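Participant: Below is a structure I'd like to ask you about.
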Amino acid sequence: MHSPEHEERCLLYEAGELTEAERSAFAGALAACADCRDFLASIEACHRFCDAAGIAPDAALDARTLEGTPCRRHLSDGGRGRSGSALDRAPAGEPRPPRPRVSPRAAVGLTLAFSFAAVLAVFLIRPSSEPKDLEWSNGLDEKVAAAGEELEDISWSLGVGADSGDIDRELDDLEGAARQLRGVL
Amino acid sequence: MKEEGVPLDDLGEKLVERARSGDPEAFKDMVRSFGPRLFSYLAGRLKSREAAEDAYAEVWMRVWKGLASYQSLGKFQPWLFTIAHRLSLDLLEREAGRASVSIDAAPDEEGLPLSERWPSGEPGPEREAMGRQAWEKVSAVLESLPEEQRQVFLLREFGGLSFAEIAAAMDCPLGTALARMRYAVLKLRQELEGFHA
Ligand SMILES: [Zn+2]
């Protein structure tokens, strides 16, 4: 008697996911059960229908995506190299990788990040009359380096068009590094 | 939308090989060959056209970044759609989080039925390729399916994954994936009765 299990068997049979022995056993059951044959016909109708029902991406979207045609040089480091952004690594004249839209938060964060970097740079390069080994400067180099690394991460993520969630997380890390730095200063 | 003659998995492997050997056209061919299926999948999965478009670009970016470490086991298409599946889960989850805190979100496409997010008056190749009548029917069915059934149906019909691969991607037993697909097929059969594409 026909059952839901028969129909699940039909799905596996049609998908080619039965072993040879299971397949021949099921072929016998199929010949004997009209409901199974009906269900199999429905599966095939689904395929035909969905094959006809696709939505193609529009040309502009494909162009945006295809801007990122990769080359061997990119693939050799899996697009994950840290010696600059993917944009920097691309040879001159080579198309850039596609970049999804940056979230408003990431855009604001980026502005803050670069402002922070600029303030930090001014602070670090200004001539100072204080001797360098004052106690308050202990650990400063480390904190500056940590903040610098976070900035580099964000720059890399934006360069390769990482998703906005990753960028948000890196901005959080940067905020953490900035808080630590403020603690030292 | 299937290429004539060449099984998609073989095609995917060849394209990966070409991309790895430095052929700059390989990635374009990959997008051209798999793009329509991928976009259909994302269109059926996500809640707005903008989300589907952003996810489309993001999936290809992840593919590009992952090509160097991709293991050639003749499973390019399942790999591609597993990336798309995971990304769409993340996006839907993020969206659900946003919706729960947003009290004054601007009205957008999300309130529209799937089929109406791609108005029939739109010009260009998108419209040419859309098989509109069929898409309307399929999207009406997708709309009526519970989330898990919709996922299985899309991964099977547009992603071409085997049921074993779907079960792995969805982290569920094979029997569960089969039961979900069975319901989806029955639902589509019911909708298709009397409809001639
Ligand atoms: Zn039966």
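Convention: chains lettered A, B, ... in structure tokens order; per-chain residue numbering from 1; ligands numbered from 1 as shown.
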All residues within 8 Å of ligand 1 are required, counting only C-alpha atoms and all ligand atoms; please report them as a list in words.

Facilitator: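 Within the 8 Å cut-off, the matching residues are Met1, His2, Ser3, His6, Glu7, Ala29, Leu30, Ala32, Cys33, Ala34, Asp35, Cys36 and Arg37 of chain A.
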
Participant: Would you mind telling me which residue in A:Glu175, A:Asp58, A:Glu14, A:Glu67 lies nearest to chain B when using only C-alpha atoms?

Facilitator: A:Asp58

Participant: Using Å and a single decimal, report how far CA of Asp62 in chain A sits from CA of Glu53 in chain B.

Facilitator: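 Going from CA of Glu53 in chain B over to CA of Asp62 in chain A covers 9.5 Å.
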
Participant: Counting only C-alpha atoms, which residue out of B:Leu91, B:Leu8, B:Leu161, B:Ala68 sits closest to chain A?

Facilitator: B:Ala68

Participant: Please determine, counting only C-alpha atoms, which residue among B:Leu46, B:Val141, B:Ala52, B:Leu80 has the shortest atom-to-atom distance to Leu186 in chain B.

Facilitator: B:Val141

Participant: Just the residues within 9 Å of Phe81 in chain B, please, counting only C-alpha atoms, with nothing from its chain fewer than 6 positions along; format it as number ranges by chain.

Facilitator: B: 38, 41, 59, 155, 158-161

Participant: Mind giving me the straight-line distance from CA of Ala184 in chain B to CA of Met170 in chain B in Å, one decimal?

Facilitator: 16.1 Å

Participant: Which one is closest to chain A: B:Phe153, B:Phe39, B:Tyr70, B:Phe76? Count only C-alpha atoms.

Facilitator: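 The closest residue to chain A is B:Phe39.
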
Participant: What gap, in Å, lies between CA of Ala52 in chain A and CA of Ala134 in chain B?

Facilitator: 6.4 Å

Participant: List as number ranges by chain the protein and nucleic acid residues near Leu18 in chain A, meaning an atom at most 12 Å away when only C-alpha atoms are counted, but skip any in the same chain fewer than 4 places from it.

Facilitator: A: 8-14, 22-27; B: 162-164

Participant: Of the candidates A:Ala21, A:Ala31, A:Ala53, A:Ala63, which shows the shortest atom-to-atom distance to chain B, using only C-alpha atoms?

Facilitator: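 That would be A:Ala53, the residue with the smallest distance to chain B.
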
Participant: Name all residues at most 9 Å from Ser88 in chain B (count only C-alpha atoms; drop same-chain ones fewer than 2 positions away) and give them as a PDB file with all heavy atoms, in the first residue's frame.

Facilitator:
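Contents of result_16.pdb, as written:
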```pdb
ATOM      1  N   LEU B  42      18.407  32.983  -4.595  1.00  0.00           N
ATOM      2  CA  LEU B  42      18.425  34.085  -3.621  1.00  0.00           C
ATOM      3  C   LEU B  42      17.128  34.884  -3.662  1.00  0.00           C
ATOM      4  O   LEU B  42      16.630  35.344  -2.629  1.00  0.00           O
ATOM      5  CB  LEU B  42      19.632  35.000  -3.881  1.00  0.00           C
ATOM      6  CG  LEU B  42      20.994  34.343  -3.608  1.00  0.00           C
ATOM      7  CD1 LEU B  42      22.118  35.176  -4.209  1.00  0.00           C
ATOM      8  CD2 LEU B  42      21.221  34.138  -2.109  1.00  0.00           C
ATOM      9  N   ARG B  45      14.656  33.165  -1.714  1.00  0.00           N
ATOM     10  CA  ARG B  45      15.054  32.972  -0.321  1.00  0.00           C
ATOM     11  C   ARG B  45      14.938  34.259   0.510  1.00  0.00           C
ATOM     12  O   ARG B  45      14.575  34.206   1.678  1.00  0.00           O
ATOM     13  CB  ARG B  45      16.505  32.511  -0.362  1.00  0.00           C
ATOM     14  CG  ARG B  45      17.063  31.817   0.789  1.00  0.00           C
ATOM     15  CD  ARG B  45      16.534  30.431   0.956  1.00  0.00           C
ATOM     16  NE  ARG B  45      17.098  29.949   2.206  1.00  0.00           N
ATOM     17  CZ  ARG B  45      16.653  30.305   3.406  1.00  0.00           C
ATOM     18  NH1 ARG B  45      15.601  31.054   3.517  1.00  0.00           N
ATOM     19  NH2 ARG B  45      17.244  29.869   4.493  1.00  0.00           N
ATOM     20  N   LEU B  46      15.295  35.378  -0.115  1.00  0.00           N
ATOM     21  CA  LEU B  46      15.413  36.616   0.657  1.00  0.00           C
ATOM     22  C   LEU B  46      14.182  37.502   0.505  1.00  0.00           C
ATOM     23  O   LEU B  46      13.356  37.283  -0.362  1.00  0.00           O
ATOM     24  CB  LEU B  46      16.692  37.363   0.257  1.00  0.00           C
ATOM     25  CG  LEU B  46      17.963  36.564   0.582  1.00  0.00           C
ATOM     26  CD1 LEU B  46      19.183  37.192  -0.059  1.00  0.00           C
ATOM     27  CD2 LEU B  46      18.156  36.448   2.088  1.00  0.00           C
ATOM     28  N   ALA B  52      18.481  40.402  -2.349  1.00  0.00           N
ATOM     29  CA  ALA B  52      18.919  39.339  -3.261  1.00  0.00           C
ATOM     30  C   ALA B  52      20.100  39.823  -4.097  1.00  0.00           C
ATOM     31  O   ALA B  52      21.058  39.074  -4.329  1.00  0.00           O
ATOM     32  CB  ALA B  52      17.765  38.908  -4.167  1.00  0.00           C
ATOM     33  N   ALA B  55      23.202  40.053  -1.862  1.00  0.00           N
ATOM     34  CA  ALA B  55      23.666  38.708  -1.522  1.00  0.00           C
ATOM     35  C   ALA B  55      24.337  38.054  -2.727  1.00  0.00           C
ATOM     36  O   ALA B  55      25.335  37.348  -2.584  1.00  0.00           O
ATOM     37  CB  ALA B  55      22.489  37.852  -1.048  1.00  0.00           C
ATOM     38  N   ILE B  83      27.302  28.017   0.182  1.00  0.00           N
ATOM     39  CA  ILE B  83      27.717  29.386   0.536  1.00  0.00           C
ATOM     40  C   ILE B  83      26.489  30.298   0.529  1.00  0.00           C
ATOM     41  O   ILE B  83      26.255  31.080   1.462  1.00  0.00           O
ATOM     42  CB  ILE B  83      28.782  29.913  -0.462  1.00  0.00           C
ATOM     43  CG1 ILE B  83      30.098  29.142  -0.297  1.00  0.00           C
ATOM     44  CG2 ILE B  83      29.008  31.418  -0.269  1.00  0.00           C
ATOM     45  CD1 ILE B  83      31.157  29.480  -1.342  1.00  0.00           C
ATOM     46  N   ALA B  84      25.685  30.168  -0.532  1.00  0.00           N
ATOM     47  CA  ALA B  84      24.486  31.013  -0.658  1.00  0.00           C
ATOM     48  C   ALA B  84      23.490  30.721   0.469  1.00  0.00           C
ATOM     49  O   ALA B  84      22.876  31.639   1.033  1.00  0.00           O
ATOM     50  CB  ALA B  84      23.833  30.790  -2.012  1.00  0.00           C
ATOM     51  N   HIS B  85      23.360  29.449   0.803  1.00  0.00           N
ATOM     52  CA  HIS B  85      22.436  29.048   1.876  1.00  0.00           C
ATOM     53  C   HIS B  85      22.864  29.679   3.204  1.00  0.00           C
ATOM     54  O   HIS B  85      22.057  30.260   3.919  1.00  0.00           O
ATOM     55  CB  HIS B  85      22.436  27.518   1.970  1.00  0.00           C
ATOM     56  CG  HIS B  85      21.747  26.972   3.185  1.00  0.00           C
ATOM     57  ND1 HIS B  85      20.393  27.049   3.366  1.00  0.00           N
ATOM     58  CD2 HIS B  85      22.241  26.347   4.289  1.00  0.00           C
ATOM     59  CE1 HIS B  85      20.070  26.490   4.516  1.00  0.00           C
ATOM     60  NE2 HIS B  85      21.172  26.060   5.103  1.00  0.00           N
ATOM     61  N   ARG B  86      24.161  29.559   3.511  1.00  0.00           N
ATOM     62  CA  ARG B  86      24.636  30.099   4.796  1.00  0.00           C
ATOM     63  C   ARG B  86      24.503  31.604   4.844  1.00  0.00           C
ATOM     64  O   ARG B  86      24.086  32.171   5.860  1.00  0.00           O
ATOM     65  CB  ARG B  86      26.101  29.709   5.008  1.00  0.00           C
ATOM     66  CG  ARG B  86      26.224  28.230   5.290  1.00  0.00           C
ATOM     67  CD  ARG B  86      27.603  27.864   5.777  1.00  0.00           C
ATOM     68  NE  ARG B  86      27.704  26.412   5.872  1.00  0.00           N
ATOM     69  CZ  ARG B  86      28.752  25.710   5.493  1.00  0.00           C
ATOM     70  NH1 ARG B  86      29.804  26.313   4.994  1.00  0.00           N
ATOM     71  NH2 ARG B  86      28.764  24.403   5.628  1.00  0.00           N
ATOM     72  N   ASP B  90      22.258  33.916   7.452  1.00  0.00           N
ATOM     73  CA  ASP B  90      22.808  35.045   8.223  1.00  0.00           C
ATOM     74  C   ASP B  90      22.000  36.309   7.969  1.00  0.00           C
ATOM     75  O   ASP B  90      21.669  37.044   8.902  1.00  0.00           O
ATOM     76  CB  ASP B  90      24.262  35.331   7.809  1.00  0.00           C
ATOM     77  CG  ASP B  90      25.216  34.290   8.366  1.00  0.00           C
ATOM     78  OD1 ASP B  90      24.769  33.473   9.193  1.00  0.00           O
ATOM     79  OD2 ASP B  90      26.397  34.293   7.963  1.00  0.00           O
ATOM     80  N   LEU B  91      21.708  36.546   6.692  1.00  0.00           N
ATOM     81  CA  LEU B  91      21.005  37.785   6.349  1.00  0.00           C
ATOM     82  C   LEU B  91      19.595  37.802   6.928  1.00  0.00           C
ATOM     83  O   LEU B  91      19.144  38.822   7.446  1.00  0.00           O
ATOM     84  CB  LEU B  91      20.945  37.955   4.827  1.00  0.00           C
ATOM     85  CG  LEU B  91      22.297  38.208   4.143  1.00  0.00           C
ATOM     86  CD1 LEU B  91      22.140  38.199   2.625  1.00  0.00           C
ATOM     87  CD2 LEU B  91      22.889  39.538   4.589  1.00  0.00           C
ATOM     88  N   LEU B  92      18.912  36.667   6.848  1.00  0.00           N
ATOM     89  CA  LEU B  92      17.544  36.610   7.370  1.00  0.00           C
ATOM     90  C   LEU B  92      17.534  36.785   8.885  1.00  0.00           C
ATOM     91  O   LEU B  92      16.666  37.449   9.450  1.00  0.00           O
ATOM     92  CB  LEU B  92      16.876  35.290   6.976  1.00  0.00           C
ATOM     93  CG  LEU B  92      16.521  35.181   5.486  1.00  0.00           C
ATOM     94  CD1 LEU B  92      16.079  33.761   5.138  1.00  0.00           C
ATOM     95  CD2 LEU B  92      15.416  36.168   5.121  1.00  0.00           C
ATOM     96  N   GLU B  93      18.546  36.201   9.500  1.00  0.00           N
ATOM     97  CA  GLU B  93      18.652  36.313  10.959  1.00  0.00           C
ATOM     98  C   GLU B  93      18.902  37.770  11.360  1.00  0.00           C
ATOM     99  O   GLU B  93      18.271  38.306  12.265  1.00  0.00           O
ATOM    100  CB  GLU B  93      19.825  35.450  11.419  1.00  0.00           C
ATOM    101  CG  GLU B  93      19.761  35.025  12.858  1.00  0.00           C
ATOM    102  CD  GLU B  93      20.883  34.047  13.162  1.00  0.00           C
ATOM    103  OE1 GLU B  93      20.875  32.925  12.612  1.00  0.00           O
ATOM    104  OE2 GLU B  93      21.788  34.434  13.911  1.00  0.00           O
TER     105      GLU B  93
END
```
